[in-house]
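*Asks:* Quick one: the structure is below, and I'll ask about it shortly.
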Amino acid sequence: MLILESVSVFYDRIQAVKGISMEVREGEIVTLIGGNGAGKSTILNAITGIKKIQSGKISVGDMDITNADASRIVKMGITQSPEGRRVFPKMTVLENLEMGAYVSNDKGILAKNIERAYRYFPRLEERKNQFAGTLSGGEQQMLAIARALMASPKILLLDEPSLGLAPILVQEIFGIIKEINAEGVTVLLVEQNARMALKIADRGYVLETGNIALEGKSQELIHN
Ligand code: ATP
């Protein structure tokens with residue numbers, strides 16, 4: 001479904017991603033794990049068109065999306081919940097959700113997607129008129145994921161959803177990621193928390209300083 005072939009990304013002369021190839025098949029949860037600075041966020045940003053790649057190819061189905069415009073990639077069904085949550089702090093929860101649906105003008109779909117967001121995250125409905133900047137860390141994370149779902153993605157990219165959260169909340173959020181996947185959304189999950197990520201993923205890639213050091217079924221990687 002989503003295929004990266006020999007993708008290289010540079011920041012000026014520094015190569016952050018060194019010719020990696022990976023694949024996410026329809027219906028899977030795939031995790032990309034690695035330590036600080038391994039290049040995980042850079043890969044997500046390359047997929048979503050935020051960071052241009054210097055060589056290689058990124059495709060969805062038979063569509064080449066290499067260095068395509070970020071808004072075109074959203075329209076093709078790929079959205080990202082960014083690291084550090086990045087909700088709009090001076091907007092309410094509901095306004096943040098509406099922003100996630102900016103590519104569509106269909107009011108019916110908007111209403112359905114808001115209902116879906118509240119079903120996954122009832123706490124967001126309770127706080128729909130609260131400014132996002134005043135939410136707790138965990139609630140902001142929920143909002144970031146919910147907002148990424150507002151564009152009805154086929155593929156959801158999640159950048160470290162467990163970052164800075166208490167273990168109980170991590171469990172809750174990972175449970176919801178599984179539910180989202182069970183309802184038909186393919187997931188690429190970037191994580192430093194390898195153990196947790198491999199628990200819910202079908203397959204994983206281990207990234208080390210811009211190279212894929214290991215890949216395989218989650219069950220196999222857990223033992224490695
Ligand atoms: P973390 O888990 O710490 O977020 P990561 O695996 O997501 O790490 P990236 O953020 O992709 O790693 O960074 C990969 C490398 O690229 C790092 O060495 C980082 O310093 C570098 N890098 C990232 N963004 C920039 C930038 N805007 N300018 C220059 N170098 C950058």
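To be explicit about the labels: the chains of the structure tokens are called A, B, and onward in the order shown, and within each one the residues are counted from 1, while ligands get numbers from 1 in the order they are shown.
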Quick one: residues within 10 Å of A:Asp159, only C-alpha atoms, excluding same-chain residues fewer than 5 positions away - as a PDB file with all heavy atoms, in the first residue's frame?

*Replies:*
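Contents of selection_20.pdb, freshly written:
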```pdb
ATOM      1  N   LEU A  32       7.840   1.690  13.409  1.00  0.00           N
ATOM      2  CA  LEU A  32       9.196   2.107  13.084  1.00  0.00           C
ATOM      3  C   LEU A  32       9.799   2.540  14.407  1.00  0.00           C
ATOM      4  O   LEU A  32       9.340   3.521  15.002  1.00  0.00           O
ATOM      5  CB  LEU A  32       9.103   3.274  12.098  1.00  0.00           C
ATOM      6  CG  LEU A  32      10.391   3.894  11.576  1.00  0.00           C
ATOM      7  CD1 LEU A  32      11.235   2.864  10.837  1.00  0.00           C
ATOM      8  CD2 LEU A  32      10.056   5.054  10.634  1.00  0.00           C
ATOM      9  N   LYS A  40      13.400   8.792  12.523  1.00  0.00           N
ATOM     10  CA  LYS A  40      12.002   8.348  12.447  1.00  0.00           C
ATOM     11  C   LYS A  40      11.066   9.472  11.986  1.00  0.00           C
ATOM     12  O   LYS A  40      10.287   9.298  11.054  1.00  0.00           O
ATOM     13  CB  LYS A  40      11.536   7.820  13.823  1.00  0.00           C
ATOM     14  CG  LYS A  40      12.412   6.724  14.394  1.00  0.00           C
ATOM     15  CD  LYS A  40      11.930   6.232  15.751  1.00  0.00           C
ATOM     16  CE  LYS A  40      11.893   7.274  16.862  1.00  0.00           C
ATOM     17  NZ  LYS A  40      13.206   7.844  17.252  1.00  0.00           N
ATOM     18  N   SER A  41      11.165  10.622  12.666  1.00  0.00           N
ATOM     19  CA  SER A  41      10.272  11.735  12.292  1.00  0.00           C
ATOM     20  C   SER A  41      10.570  12.209  10.882  1.00  0.00           C
ATOM     21  O   SER A  41       9.646  12.582  10.142  1.00  0.00           O
ATOM     22  CB  SER A  41      10.446  12.914  13.253  1.00  0.00           C
ATOM     23  OG  SER A  41      10.192  12.509  14.568  1.00  0.00           O
ATOM     24  N   LEU A  44       8.645  10.078   8.493  1.00  0.00           N
ATOM     25  CA  LEU A  44       7.218  10.444   8.439  1.00  0.00           C
ATOM     26  C   LEU A  44       7.019  11.747   7.678  1.00  0.00           C
ATOM     27  O   LEU A  44       6.114  11.858   6.849  1.00  0.00           O
ATOM     28  CB  LEU A  44       6.638  10.578   9.851  1.00  0.00           C
ATOM     29  CG  LEU A  44       6.461   9.314  10.671  1.00  0.00           C
ATOM     30  CD1 LEU A  44       5.586   9.595  11.883  1.00  0.00           C
ATOM     31  CD2 LEU A  44       5.860   8.179   9.851  1.00  0.00           C
ATOM     32  N   ASN A  45       7.881  12.716   7.932  1.00  0.00           N
ATOM     33  CA  ASN A  45       7.749  14.004   7.245  1.00  0.00           C
ATOM     34  C   ASN A  45       8.007  13.868   5.748  1.00  0.00           C
ATOM     35  O   ASN A  45       7.438  14.612   4.946  1.00  0.00           O
ATOM     36  CB  ASN A  45       8.690  15.044   7.861  1.00  0.00           C
ATOM     37  CG  ASN A  45       8.236  15.446   9.259  1.00  0.00           C
ATOM     38  OD1 ASN A  45       7.069  15.328   9.606  1.00  0.00           O
ATOM     39  ND2 ASN A  45       9.169  15.908  10.074  1.00  0.00           N
ATOM     40  N   GLN A  80      -1.004  12.569   9.379  1.00  0.00           N
ATOM     41  CA  GLN A  80       0.015  12.380  10.406  1.00  0.00           C
ATOM     42  C   GLN A  80      -0.402  13.072  11.696  1.00  0.00           C
ATOM     43  O   GLN A  80      -0.894  14.196  11.674  1.00  0.00           O
ATOM     44  CB  GLN A  80       1.316  13.012   9.888  1.00  0.00           C
ATOM     45  CG  GLN A  80       2.465  12.978  10.870  1.00  0.00           C
ATOM     46  CD  GLN A  80       3.760  13.487  10.248  1.00  0.00           C
ATOM     47  OE1 GLN A  80       3.782  13.985   9.120  1.00  0.00           O
ATOM     48  NE2 GLN A  80       4.844  13.371  10.979  1.00  0.00           N
ATOM     49  N   SER A  81      -0.183  12.361  12.809  1.00  0.00           N
ATOM     50  CA  SER A  81      -0.312  12.985  14.112  1.00  0.00           C
ATOM     51  C   SER A  81       1.103  13.303  14.567  1.00  0.00           C
ATOM     52  O   SER A  81       1.885  12.403  14.849  1.00  0.00           O
ATOM     53  CB  SER A  81      -1.003  12.020  15.073  1.00  0.00           C
ATOM     54  OG  SER A  81      -0.912  12.503  16.383  1.00  0.00           O
ATOM     55  N   PRO A  82       1.482  14.580  14.600  1.00  0.00           N
ATOM     56  CA  PRO A  82       2.889  14.921  14.778  1.00  0.00           C
ATOM     57  C   PRO A  82       3.408  14.710  16.192  1.00  0.00           C
ATOM     58  O   PRO A  82       2.633  14.712  17.152  1.00  0.00           O
ATOM     59  CB  PRO A  82       2.940  16.401  14.411  1.00  0.00           C
ATOM     60  CG  PRO A  82       1.575  16.910  14.676  1.00  0.00           C
ATOM     61  CD  PRO A  82       0.634  15.767  14.453  1.00  0.00           C
ATOM     62  N   GLU A  83       4.708  14.579  16.296  1.00  0.00           N
ATOM     63  CA  GLU A  83       5.363  14.460  17.596  1.00  0.00           C
ATOM     64  C   GLU A  83       5.146  15.757  18.372  1.00  0.00           C
ATOM     65  O   GLU A  83       5.048  16.830  17.798  1.00  0.00           O
ATOM     66  CB  GLU A  83       6.858  14.219  17.393  1.00  0.00           C
ATOM     67  CG  GLU A  83       7.599  13.968  18.687  1.00  0.00           C
ATOM     68  CD  GLU A  83       9.087  13.749  18.461  1.00  0.00           C
ATOM     69  OE1 GLU A  83       9.577  13.964  17.346  1.00  0.00           O
ATOM     70  OE2 GLU A  83       9.744  13.376  19.428  1.00  0.00           O
ATOM     71  N   GLY A  84       5.109  15.640  19.690  1.00  0.00           N
ATOM     72  CA  GLY A  84       4.946  16.824  20.514  1.00  0.00           C
ATOM     73  C   GLY A  84       3.549  17.399  20.389  1.00  0.00           C
ATOM     74  O   GLY A  84       3.292  18.521  20.768  1.00  0.00           O
ATOM     75  N   ARG A  85       2.662  16.597  19.828  1.00  0.00           N
ATOM     76  CA  ARG A  85       1.213  16.876  19.781  1.00  0.00           C
ATOM     77  C   ARG A  85       0.834  18.026  18.870  1.00  0.00           C
ATOM     78  O   ARG A  85      -0.036  17.897  18.048  1.00  0.00           O
ATOM     79  CB  ARG A  85       0.667  17.102  21.182  1.00  0.00           C
ATOM     80  CG  ARG A  85       0.883  15.828  21.997  1.00  0.00           C
ATOM     81  CD  ARG A  85       0.887  16.069  23.472  1.00  0.00           C
ATOM     82  NE  ARG A  85       1.517  14.966  24.159  1.00  0.00           N
ATOM     83  CZ  ARG A  85       2.315  15.091  25.194  1.00  0.00           C
ATOM     84  NH1 ARG A  85       2.581  16.301  25.668  1.00  0.00           N
ATOM     85  NH2 ARG A  85       2.829  14.054  25.761  1.00  0.00           N
ATOM     86  N   ILE A 145      -4.311  12.770  17.689  1.00  0.00           N
ATOM     87  CA  ILE A 145      -4.674  11.563  16.934  1.00  0.00           C
ATOM     88  C   ILE A 145      -6.060  11.743  16.311  1.00  0.00           C
ATOM     89  O   ILE A 145      -6.274  11.475  15.125  1.00  0.00           O
ATOM     90  CB  ILE A 145      -4.650  10.308  17.849  1.00  0.00           C
ATOM     91  CG1 ILE A 145      -3.230  10.065  18.373  1.00  0.00           C
ATOM     92  CG2 ILE A 145      -5.161   9.077  17.094  1.00  0.00           C
ATOM     93  CD1 ILE A 145      -3.132   8.987  19.449  1.00  0.00           C
ATOM     94  N   LEU A 188       0.987   3.390  10.537  1.00  0.00           N
ATOM     95  CA  LEU A 188       2.445   3.384  10.690  1.00  0.00           C
ATOM     96  C   LEU A 188       2.753   4.134  11.979  1.00  0.00           C
ATOM     97  O   LEU A 188       2.468   5.325  12.101  1.00  0.00           O
ATOM     98  CB  LEU A 188       3.139   4.045   9.488  1.00  0.00           C
ATOM     99  CG  LEU A 188       4.662   4.171   9.590  1.00  0.00           C
ATOM    100  CD1 LEU A 188       5.338   2.814   9.798  1.00  0.00           C
ATOM    101  CD2 LEU A 188       5.240   4.849   8.347  1.00  0.00           C
ATOM    102  N   LEU A 189       3.306   3.404  12.936  1.00  0.00           N
ATOM    103  CA  LEU A 189       3.490   3.906  14.292  1.00  0.00           C
ATOM    104  C   LEU A 189       4.969   4.094  14.583  1.00  0.00           C
ATOM    105  O   LEU A 189       5.720   3.117  14.645  1.00  0.00           O
ATOM    106  CB  LEU A 189       2.878   2.873  15.259  1.00  0.00           C
ATOM    107  CG  LEU A 189       3.137   3.005  16.746  1.00  0.00           C
ATOM    108  CD1 LEU A 189       2.490   4.259  17.301  1.00  0.00           C
ATOM    109  CD2 LEU A 189       2.600   1.767  17.479  1.00  0.00           C
ATOM    110  N   VAL A 190       5.388   5.335  14.768  1.00  0.00           N
ATOM    111  CA  VAL A 190       6.772   5.616  15.146  1.00  0.00           C
ATOM    112  C   VAL A 190       6.864   5.641  16.660  1.00  0.00           C
ATOM    113  O   VAL A 190       6.043   6.273  17.324  1.00  0.00           O
ATOM    114  CB  VAL A 190       7.206   6.973  14.545  1.00  0.00           C
ATOM    115  CG1 VAL A 190       8.373   7.563  15.316  1.00  0.00           C
ATOM    116  CG2 VAL A 190       7.561   6.809  13.078  1.00  0.00           C
ATOM    117  N   GLU A 191       7.836   4.943  17.216  1.00  0.00           N
ATOM    118  CA  GLU A 191       7.932   4.856  18.671  1.00  0.00           C
ATOM    119  C   GLU A 191       9.375   4.665  19.140  1.00  0.00           C
ATOM    120  O   GLU A 191      10.187   4.035  18.473  1.00  0.00           O
ATOM    121  CB  GLU A 191       7.116   3.654  19.197  1.00  0.00           C
ATOM    122  CG  GLU A 191       5.713   4.010  19.628  1.00  0.00           C
ATOM    123  CD  GLU A 191       5.662   4.990  20.808  1.00  0.00           C
ATOM    124  OE1 GLU A 191       6.631   5.083  21.580  1.00  0.00           O
ATOM    125  OE2 GLU A 191       4.643   5.677  20.949  1.00  0.00           O
ATOM    126  N   GLN A 192       9.661   5.234  20.317  1.00  0.00           N
ATOM    127  CA  GLN A 192      10.891   4.860  21.033  1.00  0.00           C
ATOM    128  C   GLN A 192      10.581   3.714  21.992  1.00  0.00           C
ATOM    129  O   GLN A 192      11.469   2.956  22.362  1.00  0.00           O
ATOM    130  CB  GLN A 192      11.396   6.050  21.851  1.00  0.00           C
ATOM    131  CG  GLN A 192      12.024   7.122  21.003  1.00  0.00           C
ATOM    132  CD  GLN A 192      13.003   7.985  21.793  1.00  0.00           C
ATOM    133  OE1 GLN A 192      13.714   7.505  22.665  1.00  0.00           O
ATOM    134  NE2 GLN A 192      13.026   9.263  21.475  1.00  0.00           N
TER     135      GLN A 192
END
```

*Asks:* For ligand 1, return the neighbouring residues as a PyMOL selection string (distance at most 9 Å; only C-alpha atoms and all ligand atoms).

*Replies:* chain A and resi 9-12+14-17+33-45+83+159-160+190-192+207-210

*Asks:* Which is closer to A:Ala111 than all the others in A:Leu198, A:Ala151, A:Ile173, A:Val206, using only C-alpha atoms?

*Replies:*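 Closest residue, counting only C-alpha atoms: A:Ala151.
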
*Asks:* Quick one: residues within 12 Å of A:Ile180, only C-alpha atoms, excluding same-chain residues fewer than 3 positions away - as a PyMOL selection string?

*Replies:* chain A and resi 27-29+116-117+119-121+145-146+148-149+152-156+173-177+183-187+200

*Asks:* So, counting only C-alpha atoms, which residue among A:Arg147, A:Lys51, A:Arg203, A:Arg13 is closest to A:Val87?

*Replies:*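 Between A:Arg147, A:Lys51, A:Arg203, A:Arg13, the residue approaching A:Val87 most closely is A:Arg147.
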
*Asks:* I need the residue nearest A:Gln140 from this list: A:Leu165, A:Ile212, A:Leu157, A:Ala197. Use only C-alpha atoms for the distance.

*Replies:* A:Leu165

*Asks:* Contacts of A:Thr92 at 12 Å or less, counting only C-alpha atoms, minus same-chain residues fewer than 3 places along, as an NGL selection string?

*Replies:* :A and (87-89 or 95-99 or 124-135 or 140 or 143)

*Asks:* For the strand (DSSP E) assignment from backbone DSSP, which residues of stretch 78-145 of chain A qualify? Please present them as a list of chain:residue names.

*Replies:*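 After running DSSP on the backbone, stretch 78-145 of chain A has strand (DSSP E) at A:Ile78, A:Thr79, A:Gln80, A:Ser81.
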
*Asks:* Filtering to N, CA, C and O atoms, could you give me those residues as an mmCIF file, in the first residue's frame?

*Replies:*
```
data_model
loop_
_atom_site.group_PDB
_atom_site.id
_atom_site.type_symbol
_atom_site.label_atom_id
_atom_site.label_comp_id
_atom_site.auth_asym_id
_atom_site.auth_seq_id
_atom_site.Cartn_x
_atom_site.Cartn_y
_atom_site.Cartn_z
ATOM 1 N N ILE A 78 -3.471 10.046 3.417
ATOM 2 C CA ILE A 78 -2.404 9.826 4.400
ATOM 3 C C ILE A 78 -2.343 11.030 5.330
ATOM 4 O O ILE A 78 -2.157 12.159 4.867
ATOM 5 N N THR A 79 -2.531 10.805 6.625
ATOM 6 C CA THR A 79 -2.407 11.915 7.558
ATOM 7 C C THR A 79 -1.482 11.537 8.710
ATOM 8 O O THR A 79 -1.236 10.367 8.974
ATOM 9 N N GLN A 80 -1.004 12.569 9.379
ATOM 10 C CA GLN A 80 0.015 12.380 10.406
ATOM 11 C C GLN A 80 -0.402 13.072 11.696
ATOM 12 O O GLN A 80 -0.894 14.196 11.674
ATOM 13 N N SER A 81 -0.183 12.361 12.809
ATOM 14 C CA SER A 81 -0.312 12.985 14.112
ATOM 15 C C SER A 81 1.103 13.303 14.567
ATOM 16 O O SER A 81 1.885 12.403 14.849
#
```
